[in-house]
>>> print(open('model28.cif').read())   # mmCIF, C-alpha atoms and all ligand atoms
data_start
loop_
_atom_site.group_PDB
_atom_site.id
_atom_site.type_symbol
_atom_site.label_atom_id
_atom_site.label_comp_id
_atom_site.auth_asym_id
_atom_site.auth_seq_id
_atom_site.Cartn_x
_atom_site.Cartn_y
_atom_site.Cartn_z
ATOM 1 C CA MET O 1 -10.133 12.840 6.640
ATOM 2 C CA GLY O 2 -8.711 9.646 5.125
ATOM 3 C CA LYS O 3 -4.998 9.168 4.633
ATOM 4 C CA ILE O 4 -3.854 8.460 1.083
ATOM 5 C CA ILE O 5 -0.756 6.250 0.820
ATOM 6 C CA ALA O 6 0.994 5.238 -2.414
ATOM 7 C CA LEU O 7 2.848 1.914 -2.502
ATOM 8 C CA ALA O 8 5.667 2.586 -4.909
ATOM 9 C CA ASN O 9 8.853 1.041 -6.234
ATOM 10 C CA GLN O 10 9.702 1.085 -9.911
ATOM 11 C CA LYS O 11 11.355 -2.300 -9.571
ATOM 12 C CA GLY O 12 9.052 -5.079 -10.715
ATOM 13 C CA GLY O 13 7.940 -7.982 -8.534
ATOM 14 C CA VAL O 14 9.106 -6.619 -5.174
ATOM 15 C CA GLY O 15 5.767 -7.062 -3.390
ATOM 16 C CA LYS O 16 3.921 -3.780 -4.042
ATOM 17 C CA THR O 17 0.604 -5.445 -4.860
ATOM 18 C CA THR O 18 0.898 -8.134 -2.189
ATOM 19 C CA THR O 19 1.629 -5.411 0.357
ATOM 20 C CA THR O 20 -1.161 -3.096 -0.838
ATOM 21 C CA VAL O 21 -3.801 -5.821 -0.745
ATOM 22 C CA ASN O 22 -2.768 -7.432 2.529
ATOM 23 C CA LEU O 23 -2.021 -4.211 4.377
ATOM 24 C CA ALA O 24 -5.431 -2.916 3.255
ATOM 25 C CA ALA O 25 -7.143 -6.116 4.407
ATOM 26 C CA SER O 26 -5.325 -5.954 7.758
ATOM 27 C CA LEU O 27 -6.442 -2.341 8.239
ATOM 28 C CA ALA O 28 -9.983 -3.383 7.317
ATOM 29 C CA LEU O 29 -9.824 -6.183 9.888
ATOM 30 C CA GLY O 30 -9.028 -3.485 12.441
ATOM 31 C CA GLU O 31 -12.267 -1.761 11.337
ATOM 32 C CA ARG O 32 -10.500 0.932 9.337
ATOM 33 C CA LYS O 33 -12.557 1.594 6.227
ATOM 34 C CA THR O 34 -10.009 1.123 3.467
ATOM 35 C CA LEU O 35 -10.044 1.593 -0.298
ATOM 36 C CA VAL O 36 -7.481 0.043 -2.641
ATOM 37 C CA ILE O 37 -6.898 1.978 -5.836
ATOM 38 C CA ASP O 38 -5.516 -0.410 -8.443
ATOM 39 C CA PHE O 39 -3.259 1.948 -10.356
ATOM 40 C CA ASP O 40 -1.443 -0.668 -12.398
ATOM 41 C CA PRO O 41 -2.661 -1.733 -15.869
ATOM 42 C CA GLN O 42 -1.711 -5.309 -14.895
ATOM 43 C CA GLY O 43 -4.750 -5.201 -12.575
ATOM 44 C CA ASN O 44 -3.193 -7.593 -10.074
ATOM 45 C CA ALA O 45 -4.660 -5.878 -7.004
ATOM 46 C CA SER O 46 -8.152 -6.107 -8.525
ATOM 47 C CA SER O 47 -7.782 -9.833 -9.200
ATOM 48 C CA ALA O 48 -6.257 -10.438 -5.773
ATOM 49 C CA LEU O 49 -9.389 -8.906 -4.238
ATOM 50 C CA GLY O 50 -11.700 -11.144 -6.223
ATOM 51 C CA VAL O 51 -12.726 -8.743 -9.010
ATOM 52 C CA ASP O 52 -13.632 -10.328 -12.347
ATOM 53 C CA ARG O 53 -11.822 -7.902 -14.649
ATOM 54 C CA THR O 54 -13.607 -9.155 -17.760
ATOM 55 C CA GLN O 55 -16.927 -7.739 -16.470
ATOM 56 C CA LEU O 56 -15.874 -4.201 -15.659
ATOM 57 C CA GLY O 57 -16.960 -2.385 -18.832
ATOM 58 C CA ASP O 58 -16.299 1.317 -18.350
ATOM 59 C CA LYS O 59 -16.206 1.093 -14.547
ATOM 60 C CA THR O 60 -12.451 1.225 -14.128
ATOM 61 C CA VAL O 61 -9.808 3.552 -12.744
ATOM 62 C CA TYR O 62 -8.937 4.589 -16.293
ATOM 63 C CA GLN O 63 -12.397 6.074 -16.917
ATOM 64 C CA ALA O 64 -12.262 7.830 -13.543
ATOM 65 C CA LEU O 65 -8.804 9.204 -14.289
ATOM 66 C CA ILE O 66 -9.827 10.759 -17.593
ATOM 67 C CA GLY O 67 -12.966 12.181 -15.970
ATOM 68 C CA GLU O 68 -15.526 10.025 -17.775
ATOM 69 C CA VAL O 69 -17.009 8.713 -14.510
ATOM 70 C CA ASP O 70 -16.769 9.498 -10.773
ATOM 71 C CA VAL O 71 -14.385 7.286 -8.812
ATOM 72 C CA ALA O 72 -17.241 6.570 -6.391
ATOM 73 C CA SER O 73 -19.154 4.845 -9.197
ATOM 74 C CA ILE O 74 -16.367 2.363 -9.919
ATOM 75 C CA VAL O 75 -15.704 1.327 -6.306
ATOM 76 C CA GLN O 76 -16.584 -2.297 -5.559
ATOM 77 C CA ALA O 77 -17.207 -4.002 -2.235
ATOM 78 C CA THR O 78 -15.083 -7.025 -1.331
ATOM 79 C CA GLU O 79 -15.629 -10.037 0.923
ATOM 80 C CA MET O 80 -14.538 -7.866 3.865
ATOM 81 C CA GLU O 81 -16.959 -5.330 5.255
ATOM 82 C CA CYS O 82 -14.456 -2.475 5.569
ATOM 83 C CA LEU O 83 -12.464 -3.191 2.389
ATOM 84 C CA PHE O 84 -13.201 -1.714 -1.051
ATOM 85 C CA VAL O 85 -11.420 -1.641 -4.399
ATOM 86 C CA ALA O 86 -11.346 0.656 -7.419
ATOM 87 C CA PRO O 87 -10.345 -1.830 -10.146
ATOM 88 C CA ALA O 88 -8.117 -1.426 -13.185
ATOM 89 C CA THR O 89 -7.738 -3.100 -16.543
ATOM 90 C CA GLY O 90 -5.161 -2.875 -19.320
ATOM 91 C CA ASP O 91 -6.890 0.326 -20.509
ATOM 92 C CA LEU O 92 -4.969 2.178 -17.847
ATOM 93 C CA ALA O 93 -1.784 1.726 -19.872
ATOM 94 C CA GLY O 94 -3.276 4.150 -22.398
ATOM 95 C CA ALA O 95 -3.515 6.879 -19.764
ATOM 96 C CA GLU O 96 0.266 6.977 -19.516
ATOM 97 C CA ILE O 97 0.353 8.196 -23.127
ATOM 98 C CA GLU O 98 -2.966 10.050 -23.393
ATOM 99 C CA LEU O 99 -2.298 12.234 -20.368
ATOM 100 C CA VAL O 100 1.046 13.471 -21.681
ATOM 101 C CA SER O 101 -0.550 16.450 -23.411
ATOM 102 C CA ALA O 102 -3.337 16.981 -20.845
ATOM 103 C CA PHE O 103 -3.589 20.091 -18.685
ATOM 104 C CA ALA O 104 -2.366 19.488 -15.103
ATOM 105 C CA ARG O 105 -1.610 15.909 -16.088
ATOM 106 C CA GLU O 106 0.113 15.068 -12.776
ATOM 107 C CA ASN O 107 -2.984 16.057 -10.775
ATOM 108 C CA LYS O 108 -5.605 13.857 -12.398
ATOM 109 C CA LEU O 109 -5.724 11.193 -9.683
ATOM 110 C CA LYS O 110 -5.620 13.769 -6.892
ATOM 111 C CA ALA O 111 -8.646 15.520 -8.399
ATOM 112 C CA ALA O 112 -10.471 12.235 -8.928
ATOM 113 C CA LEU O 113 -9.903 11.105 -5.313
ATOM 114 C CA ALA O 114 -10.792 14.419 -3.653
ATOM 115 C CA PRO O 115 -14.537 13.689 -3.224
ATOM 116 C CA LEU O 116 -13.816 10.206 -1.780
ATOM 117 C CA ARG O 117 -11.239 11.133 0.788
ATOM 118 C CA SER O 118 -13.589 11.890 3.648
ATOM 119 C CA GLN O 119 -15.369 8.541 3.248
ATOM 120 C CA TYR O 120 -12.398 6.301 4.085
ATOM 121 C CA ASP O 121 -9.838 5.972 6.848
ATOM 122 C CA TYR O 122 -7.155 4.820 4.401
ATOM 123 C CA ILE O 123 -6.813 4.899 0.622
ATOM 124 C CA LEU O 124 -3.912 2.732 -0.614
ATOM 125 C CA ILE O 125 -2.678 3.154 -4.187
ATOM 126 C CA ASP O 126 -0.949 0.184 -5.828
ATOM 127 C CA CYS O 127 1.543 1.718 -8.280
ATOM 128 C CA PRO O 128 2.882 0.096 -11.461
ATOM 129 C CA PRO O 129 6.563 -0.864 -11.730
ATOM 130 C CA SER O 130 7.707 2.375 -13.370
ATOM 131 C CA LEU O 131 8.314 6.008 -12.527
ATOM 132 C CA GLY O 132 6.060 7.199 -15.341
ATOM 133 C CA LEU O 133 3.023 9.439 -15.257
ATOM 134 C CA LEU O 134 0.865 6.950 -13.340
ATOM 135 C CA THR O 135 3.303 6.741 -10.421
ATOM 136 C CA ILE O 136 3.772 10.526 -10.534
ATOM 137 C CA ASN O 137 -0.024 10.923 -10.320
ATOM 138 C CA ALA O 138 -0.111 8.522 -7.369
ATOM 139 C CA LEU O 139 2.670 10.367 -5.520
ATOM 140 C CA THR O 140 0.986 13.695 -6.253
ATOM 141 C CA ALA O 141 -2.347 12.449 -4.855
ATOM 142 C CA ALA O 142 -0.793 10.839 -1.764
ATOM 143 C CA ASP O 143 -0.144 12.146 1.732
ATOM 144 C CA SER O 144 2.673 9.641 2.071
ATOM 145 C CA PHE O 145 4.325 6.687 0.364
ATOM 146 C CA ILE O 146 5.492 3.244 1.443
ATOM 147 C CA VAL O 147 8.330 1.502 -0.378
ATOM 148 C CA PRO O 148 8.173 -2.290 -0.463
ATOM 149 C CA LEU O 149 11.777 -3.454 -0.714
ATOM 150 C CA GLN O 150 12.642 -7.037 -1.550
ATOM 151 C CA CYS O 151 15.374 -8.523 0.626
ATOM 152 C CA GLU O 152 17.811 -9.223 -2.213
ATOM 153 C CA TYR O 153 21.161 -8.007 -3.466
ATOM 154 C CA PHE O 154 20.020 -5.203 -5.783
ATOM 155 C CA ALA O 155 17.253 -4.019 -3.461
ATOM 156 C CA LEU O 156 18.712 -0.590 -2.871
ATOM 157 C CA GLU O 157 19.606 0.030 -6.480
ATOM 158 C CA GLY O 158 16.278 1.485 -7.570
ATOM 159 C CA LEU O 159 15.620 3.241 -4.301
ATOM 160 C CA THR O 160 17.889 6.203 -5.068
ATOM 161 C CA GLN O 161 16.008 6.822 -8.288
ATOM 162 C CA LEU O 162 12.639 6.590 -6.532
ATOM 163 C CA LEU O 163 13.724 9.005 -3.807
ATOM 164 C CA HIS O 164 15.005 11.400 -6.477
ATOM 165 C CA THR O 165 11.583 11.322 -8.135
ATOM 166 C CA VAL O 166 9.997 11.976 -4.743
ATOM 167 C CA SER O 167 12.219 15.022 -4.222
ATOM 168 C CA LEU O 168 11.176 16.365 -7.642
ATOM 169 C CA ILE O 169 7.522 15.848 -6.721
ATOM 170 C CA ARG O 170 8.047 17.650 -3.412
ATOM 171 C CA GLN O 171 9.506 20.588 -5.337
ATOM 172 C CA SER O 172 6.569 20.729 -7.718
ATOM 173 C CA THR O 173 3.203 19.025 -7.355
ATOM 174 C CA ASN O 174 3.177 17.781 -3.743
ATOM 175 C CA PRO O 175 5.440 19.602 -1.228
ATOM 176 C CA ALA O 176 3.793 17.823 1.741
ATOM 177 C CA LEU O 177 4.517 14.270 0.516
ATOM 178 C CA GLU O 178 5.857 12.234 3.453
ATOM 179 C CA HIS O 179 7.934 9.066 3.520
ATOM 180 C CA GLU O 180 5.790 6.670 5.555
ATOM 181 C CA GLY O 181 8.415 3.956 5.564
ATOM 182 C CA ILE O 182 10.158 1.029 3.935
ATOM 183 C CA ILE O 183 8.687 -2.454 4.306
ATOM 184 C CA LEU O 184 11.112 -5.310 3.758
ATOM 185 C CA THR O 185 9.487 -8.123 1.793
ATOM 186 C CA MET O 186 10.152 -11.764 0.849
ATOM 187 C CA PHE O 187 12.620 -12.192 3.698
ATOM 188 C CA ASP O 188 14.191 -15.633 3.961
ATOM 189 C CA GLY O 189 16.063 -15.964 7.253
ATOM 190 C CA ARG O 190 18.088 -18.945 5.963
ATOM 191 C CA ASN O 191 19.691 -16.704 3.384
ATOM 192 C CA ASN O 192 22.726 -14.786 4.689
ATOM 193 C CA LEU O 193 22.334 -12.185 1.983
ATOM 194 C CA ALA O 194 18.773 -11.398 3.083
ATOM 195 C CA ASN O 195 20.041 -10.859 6.638
ATOM 196 C CA GLU O 196 22.755 -8.535 5.286
ATOM 197 C CA VAL O 197 20.196 -6.546 3.284
ATOM 198 C CA VAL O 198 17.968 -6.098 6.352
ATOM 199 C CA LYS O 199 20.980 -4.909 8.382
ATOM 200 C CA GLU O 200 22.127 -2.520 5.660
ATOM 201 C CA VAL O 201 18.680 -1.023 5.065
ATOM 202 C CA ARG O 202 18.132 -0.526 8.810
ATOM 203 C CA THR O 203 21.566 1.113 9.149
ATOM 204 C CA HIS O 204 20.882 3.486 6.257
ATOM 205 C CA PHE O 205 17.257 4.345 6.919
ATOM 206 C CA GLY O 206 16.884 3.786 10.684
ATOM 207 C CA PRO O 207 13.380 4.461 11.977
ATOM 208 C CA LEU O 208 12.037 4.828 8.441
ATOM 209 C CA VAL O 209 12.114 1.030 8.161
ATOM 210 C CA PHE O 210 9.038 -0.693 9.576
ATOM 211 C CA GLU O 211 9.762 -3.170 12.373
ATOM 212 C CA ALA O 212 7.537 -5.693 10.645
ATOM 213 C CA VAL O 213 9.361 -7.754 8.020
ATOM 214 C CA VAL O 214 7.364 -9.792 5.516
ATOM 215 C CA PRO O 215 8.778 -13.319 5.225
ATOM 216 C CA ARG O 216 8.801 -15.295 2.012
ATOM 217 C CA ASN O 217 5.607 -17.244 2.538
ATOM 218 C CA VAL O 218 3.796 -19.381 0.014
ATOM 219 C CA ARG O 219 0.382 -18.546 1.532
ATOM 220 C CA LEU O 220 0.846 -14.939 0.357
ATOM 221 C CA SER O 221 1.264 -15.996 -3.265
ATOM 222 C CA GLU O 222 -1.455 -18.664 -3.089
ATOM 223 C CA CYS O 223 -4.170 -16.413 -1.698
ATOM 224 C CA SER O 224 -4.046 -14.011 -4.671
ATOM 225 C CA SER O 225 -4.918 -16.802 -7.073
ATOM 226 C CA PHE O 226 -8.042 -17.433 -4.972
ATOM 227 C CA GLY O 227 -8.949 -13.719 -5.102
ATOM 228 C CA LYS O 228 -8.611 -13.387 -1.337
ATOM 229 C CA PRO O 229 -6.364 -11.410 0.972
ATOM 230 C CA VAL O 230 -4.359 -13.663 3.268
ATOM 231 C CA VAL O 231 -6.460 -12.774 6.337
ATOM 232 C CA LEU O 232 -9.332 -14.675 4.685
ATOM 233 C CA TYR O 233 -7.116 -17.483 3.407
ATOM 234 C CA ASP O 234 -4.757 -18.354 6.263
ATOM 235 C CA ILE O 235 -4.870 -15.937 9.160
ATOM 236 C CA ASP O 236 -2.343 -18.003 11.128
ATOM 237 C CA SER O 237 0.340 -17.896 8.437
ATOM 238 C CA LYS O 238 3.574 -15.992 9.068
ATOM 239 C CA GLY O 239 2.856 -13.806 6.034
ATOM 240 C CA CYS O 240 -0.493 -12.770 7.460
ATOM 241 C CA LEU O 241 1.020 -12.049 10.857
ATOM 242 C CA ALA O 242 3.597 -9.740 9.266
ATOM 243 C CA TYR O 243 0.925 -7.699 7.481
ATOM 244 C CA LEU O 244 -1.188 -7.472 10.644
ATOM 245 C CA ASN O 245 1.898 -6.141 12.393
ATOM 246 C CA LEU O 246 2.529 -3.657 9.596
ATOM 247 C CA ALA O 247 -1.059 -2.391 9.908
ATOM 248 C CA LYS O 248 -0.600 -2.072 13.659
ATOM 249 C CA GLU O 249 2.552 0.032 13.152
ATOM 250 C CA LEU O 250 0.876 2.202 10.542
ATOM 251 C CA ILE O 251 -2.131 2.873 12.763
ATOM 252 C CA ALA O 252 0.161 3.685 15.697
ATOM 253 C CA LYS O 253 2.111 6.148 13.509
ATOM 254 C CA SER O 254 -1.065 7.879 12.366
ATOM 255 C CA GLN O 255 -2.324 8.439 15.892
ATOM 256 C CA PRO O 256 -1.613 11.842 17.441
ATOM 257 C CA LYS O 257 1.363 11.803 19.803
ATOM 258 C CA PRO O 258 0.419 12.201 23.492
ATOM 259 C CA ALA O 259 1.046 15.648 24.952
ATOM 260 C CA GLN O 260 4.333 16.019 26.885
ATOM 261 C CA ALA O 261 2.724 16.444 30.300
ATOM 262 C CA PRO O 262 -0.575 14.571 30.230
ATOM 263 C CA SER O 263 -3.100 15.732 32.791
ATOM 264 C CA PRO O 264 -4.242 13.075 35.266
ATOM 265 C CA ALA O 265 -7.138 10.971 34.030
ATOM 266 C CA PRO O 266 -10.519 11.945 35.486
ATOM 267 C CA GLN O 267 -11.909 9.526 38.098
ATOM 268 C CA THR O 268 -14.826 8.660 35.842
ATOM 269 C CA ALA O 269 -12.713 7.863 32.764
ATOM 270 C CA ALA O 270 -14.038 5.051 30.597
ATOM 271 C CA PRO O 271 -11.939 1.841 30.673
ATOM 272 C CA VAL O 272 -9.110 1.987 28.126
ATOM 273 C CA GLN O 273 -9.608 -0.397 25.214
ATOM 274 C CA PRO O 274 -6.474 -2.159 23.922
ATOM 275 C CA PRO O 275 -5.664 -0.934 20.403
ATOM 276 C CA PRO O 276 -6.541 -3.407 17.641
ATOM 277 C CA PHE O 277 -3.717 -5.877 16.985
ATOM 278 C CA ALA O 278 -2.242 -5.168 20.446
ATOM 279 C CA ASP O 279 -1.717 -8.844 21.103
ATOM 280 C CA ILE O 280 0.085 -9.609 17.841
ATOM 281 C CA GLN O 281 3.752 -10.546 18.179
ATOM 282 C CA GLN O 282 6.554 -10.288 15.630
ATOM 283 C CA PRO O 283 7.515 -13.565 13.945
ATOM 284 C CA SER O 284 10.458 -15.008 15.842
ATOM 285 C CA THR O 285 12.405 -15.728 12.647
ATOM 286 C CA VAL O 286 12.900 -12.030 11.889
HETATM 287 N N1 LIG Y 1 6.229 -12.465 0.907
HETATM 288 C C1 LIG Y 1 6.047 -13.199 -0.174
HETATM 289 N N2 LIG Y 1 6.267 -14.516 -0.166
HETATM 290 C C2 LIG Y 1 6.116 -15.265 -1.278
HETATM 291 N N3 LIG Y 1 5.716 -14.774 -2.455
HETATM 292 C C3 LIG Y 1 5.483 -13.451 -2.528
HETATM 293 C C4 LIG Y 1 5.622 -12.590 -1.392
HETATM 294 N N4 LIG Y 1 5.320 -11.328 -1.774
HETATM 295 C C5 LIG Y 1 5.001 -11.402 -3.069
HETATM 296 N N5 LIG Y 1 5.093 -12.658 -3.533
HETATM 297 C C6 LIG Y 1 4.874 -13.125 -4.903
HETATM 298 O O1 LIG Y 1 5.869 -12.501 -5.710
HETATM 299 C C7 LIG Y 1 5.314 -12.064 -6.934
HETATM 300 C C8 LIG Y 1 5.476 -10.543 -7.058
HETATM 301 O O2 LIG Y 1 4.747 -9.921 -6.012
HETATM 302 P P1 LIG Y 1 3.831 -8.658 -6.290
HETATM 303 O O3 LIG Y 1 2.944 -8.906 -7.464
HETATM 304 O O4 LIG Y 1 3.213 -8.272 -5.014
HETATM 305 O O5 LIG Y 1 4.949 -7.623 -6.690
HETATM 306 P P2 LIG Y 1 4.780 -6.215 -7.407
HETATM 307 O O6 LIG Y 1 5.888 -5.346 -6.930
HETATM 308 O O7 LIG Y 1 3.405 -5.718 -7.237
HETATM 309 O O8 LIG Y 1 4.995 -6.625 -8.939
HETATM 310 P P3 LIG Y 1 4.802 -5.645 -10.193
HETATM 311 O O9 LIG Y 1 5.982 -4.741 -10.168
HETATM 312 O O10 LIG Y 1 4.778 -6.574 -11.373
HETATM 313 O O11 LIG Y 1 3.506 -4.920 -10.001
HETATM 314 C C9 LIG Y 1 3.863 -12.506 -6.923
HETATM 315 O O12 LIG Y 1 3.767 -13.730 -7.576
HETATM 316 C C10 LIG Y 1 3.547 -12.672 -5.445
HETATM 317 O O13 LIG Y 1 2.531 -13.632 -5.217
HETATM 318 MG MG MG Y 2 2.022 -5.084 -8.686
#
>>> encode(input="model28.cif", output="structure tokens")
Amino acid sequence: MGKIIALANQKGGVGKTTTTVNLAASLALGERKTLVIDFDPQGNASSALGVDRTQLGDKTVYQALIGEVDVASIVQATEMECLFVAPATGDLAGAEIELVSAFARENKLKAALAPLRSQYDYILIDCPPSLGLLTINALTAADSFIVPLQCEYFALEGLTQLLHTVSLIRQSTNPALEHEGIILTMFDGRNNLANEVVKEVRTHFGPLVFEAVVPRNVRLSECSSFGKPVVLYDIDSKGCLAYLNLAKELIAKSQPKPAQAPSPAPQTAAPVQPPPFADIQQPSTV
């Protein structure tokens, strides 16, 4: 059964889309079949994965959300074998208003994704920069959420509001919603403030903060304009390395914990394969 993860932060421009696309591509590189749901009317995740949004017609997330088409019929392949995208256009903005009077309006995305879940290892939802009905649908459909947090002075400001929304969702539409973690983005080690923010967030949230920290890296912004995830654009860049590390952490978290007293391995046990990404190191600047 695939894991559904929403990437959410109502603050604009903090790296939600960059993280969704590049985490998804890193998971796909590790042979995890991954679907990106572009759940933002801006459609940035679709463009960043090479989708021509002018040619979509009625094959968008909006039509799937209102039940006009199956989500499966809107899914597009990408340049990577294990990576797929359900694209969005500006139409999706209408859903925010149209769904207000709909029955079970918070559950529309959950219902739409249900038939797809078993076909993917991961489904990542790129949320818009708001806590409106689209983000509520995403958090209702998700097993867990990741918060991309920009390493800047007001980073924590919106987080309280987001976590309040999450607690309301846990009390109503999705009691099992888990906090997967916080990923620090756009880190610039030369900036004292950024170092302070990292320290403060780690002090407050401890193990909830991913070890991987995404540096400010021009390759990450360039690759989107070429419609490619960074693994296909510059796999040696520091930005790419950070997202490969994030994928490695996420996969490790999802794996079942070993039993307390493991029984000795049988003599004939197959050789142990190193997990994907096992050889990837953290950038030394972080
Ligand atoms: N680590 C990074 N280094 C450099 N530029 C980055 C990095 N992460 C994101 N960017 C750039 O910052 C801008 C905002 O990033 P992104 O679109 O991922 O944020 P967002 O949270 O999805 O924004 P929105 O709230 O508008 O959806 C983009 O131009 C992106 O290319
Ligand atoms: Mg975005």
>>> resolve_selection(input="model28.cif", expression="the PyMOL selection byres (((chain O and resi 117) around 8) and not hetatm)", output="count of residues only")
12
>>> residues_near_ligand(input="model28.cif", ligand="ligand MG 2 (chain Y)", cutoff="8 Å", atoms="only C-alpha atoms and all ligand atoms", output="CSV table (one decimal) with C-alpha atoms, in the frame of the given file")
chain,number,residue,atom,x,y,z
O,12,GLY,CA,9.1,-5.1,-10.7
O,13,GLY,CA,7.9,-8.0,-8.5
O,15,GLY,CA,5.8,-7.1,-3.4
O,16,LYS,CA,3.9,-3.8,-4.0
O,17,THR,CA,0.6,-5.4,-4.9
O,18,THR,CA,0.9,-8.1,-2.2
O,40,ASP,CA,-1.4,-0.7,-12.4
O,42,GLN,CA,-1.7,-5.3,-14.9
O,43,GLY,CA,-4.8,-5.2,-12.6
O,44,ASN,CA,-3.2,-7.6,-10.1
O,45,ALA,CA,-4.7,-5.9,-7.0
O,126,ASP,CA,-0.9,0.2,-5.8
O,127,CYS,CA,1.5,1.7,-8.3
O,128,PRO,CA,2.9,0.1,-11.5
O,129,PRO,CA,6.6,-0.9,-11.7
>>> resolve_selection(input="model28.cif", expression="the PyMOL selection byres (((not hetatm)) within 10 of (chain Y and resi 1))", output="number ranges by chain")
O: 7-22, 39-45, 48, 126-130, 147-151, 184-188, 213-225, 238-240, 242-243
>>> closest_residue(input="model28.cif", among="O:Leu250, O:Ile74, O:Ile183, O:Leu131", to="Thr60 in chain O", atoms="only C-alpha atoms")
O:Ile74
>>> atom_distance(input="model28.cif", atom1="CA of Asn195 in chain O", atom2="CA of Leu244 in chain O")
21.9 Å
>>> residues_around(input="model28.cif", residues="Asn192 in chain O", least_positions_apart="6", cutoff="12 Å", atoms="all atoms listed in the file", output="PyMOL selection string")
chain O and resi 151-153+198-199
>>> resolve_selection(input="model28.cif", expression="the PyMOL selection byres (((chain O and resi 89) around 12) and not hetatm)", output="number ranges by chain")
O: 37-47, 51-63, 86-88, 90-95
>>> closest_atom_pairs(input="model28.cif", of="range 62-131 of chain O", to="range 25-34 of chain O", cutoff="8 Å", atoms="all atoms listed in the file", output="tab-separated table")
residue	atom	partner	partner_atom	distance
O:Met80	CA	O:Ala28	CA	7.3
O:Glu81	CA	O:Ala28	CA	7.5
O:Cys82	CA	O:Lys33	CA	4.5
O:Leu83	CA	O:Thr34	CA	5.1
O:Phe84	CA	O:Thr34	CA	6.2
O:Tyr120	CA	O:Lys33	CA	5.2
O:Asp121	CA	O:Lys33	CA	5.2
O:Tyr122	CA	O:Thr34	CA	4.8
O:Ile123	CA	O:Thr34	CA	5.7
O:Leu124	CA	O:Thr34	CA	7.5
>>> atom_distance(input="model28.cif", atom1="CA of Ser172 in chain O", atom2="CA of Ala24 in chain O")
28.7 Å
>>> closest_residue(input="model28.cif", among="O:Leu168, O:Val69, O:Ile136, O:Val230", to="Ala6 in chain O", atoms="all atoms listed in the file")
O:Ile136
>>> atom_distance(input="model28.cif", atom1="CA of Leu241 in chain O", atom2="CA of Pro229 in chain O")
12.4 Å
>>> closest_residue(input="model28.cif", among="O:Leu156, O:Ile235, O:Leu163, O:Ile182", to="Glu200 in chain O", atoms="all atoms listed in the file")
O:Leu156
>>> closest_residue(input="model28.cif", among="O:Ile66, O:Val166, O:Phe226, O:Leu23", to="Phe103 in chain O", atoms="all atoms listed in the file")
O:Ile66
>>> closest_residue(input="model28.cif", among="O:His179, O:Ala112, O:Leu99, O:Phe205", to="Asp70 in chain O", atoms="only C-alpha atoms")
O:Ala112
>>> residues_around(input="model28.cif", residues="Arg105 in chain O", least_positions_apart="3", cutoff="12 Å", atoms="all atoms listed in the file", output="PDB file with C-alpha atoms, in the frame of the given file")
ATOM      1  CA  LEU O  65      -8.804   9.204 -14.289  1.00  0.00           C
ATOM      2  CA  ILE O  66      -9.827  10.759 -17.593  1.00  0.00           C
ATOM      3  CA  GLY O  67     -12.966  12.181 -15.970  1.00  0.00           C
ATOM      4  CA  ALA O  95      -3.515   6.879 -19.764  1.00  0.00           C
ATOM      5  CA  GLU O  96       0.266   6.977 -19.516  1.00  0.00           C
ATOM      6  CA  ILE O  97       0.353   8.196 -23.127  1.00  0.00           C
ATOM      7  CA  GLU O  98      -2.966  10.050 -23.393  1.00  0.00           C
ATOM      8  CA  LEU O  99      -2.298  12.234 -20.368  1.00  0.00           C
ATOM      9  CA  VAL O 100       1.046  13.471 -21.681  1.00  0.00           C
ATOM     10  CA  SER O 101      -0.550  16.450 -23.411  1.00  0.00           C
ATOM     11  CA  ALA O 102      -3.337  16.981 -20.845  1.00  0.00           C
ATOM     12  CA  LYS O 108      -5.605  13.857 -12.398  1.00  0.00           C
ATOM     13  CA  LEU O 109      -5.724  11.193  -9.683  1.00  0.00           C
ATOM     14  CA  LYS O 110      -5.620  13.769  -6.892  1.00  0.00           C
ATOM     15  CA  ALA O 111      -8.646  15.520  -8.399  1.00  0.00           C
ATOM     16  CA  ALA O 112     -10.471  12.235  -8.928  1.00  0.00           C
ATOM     17  CA  GLY O 132       6.060   7.199 -15.341  1.00  0.00           C
ATOM     18  CA  LEU O 133       3.023   9.439 -15.257  1.00  0.00           C
ATOM     19  CA  LEU O 134       0.865   6.950 -13.340  1.00  0.00           C
ATOM     20  CA  THR O 135       3.303   6.741 -10.421  1.00  0.00           C
ATOM     21  CA  ILE O 136       3.772  10.526 -10.534  1.00  0.00           C
ATOM     22  CA  ASN O 137      -0.024  10.923 -10.320  1.00  0.00           C
ATOM     23  CA  ALA O 138      -0.111   8.522  -7.369  1.00  0.00           C
ATOM     24  CA  THR O 140       0.986  13.695  -6.253  1.00  0.00           C
ATOM     25  CA  ALA O 141      -2.347  12.449  -4.855  1.00  0.00           C
ATOM     26  CA  THR O 173       3.203  19.025  -7.355  1.00  0.00           C
TER      27      THR O 173
END
>>> closest_residue(input="model28.cif", among="O:Lys248, O:Lys228, O:His164, O:Lys253", to="Thr78 in chain O", atoms="only C-alpha atoms")
O:Lys228
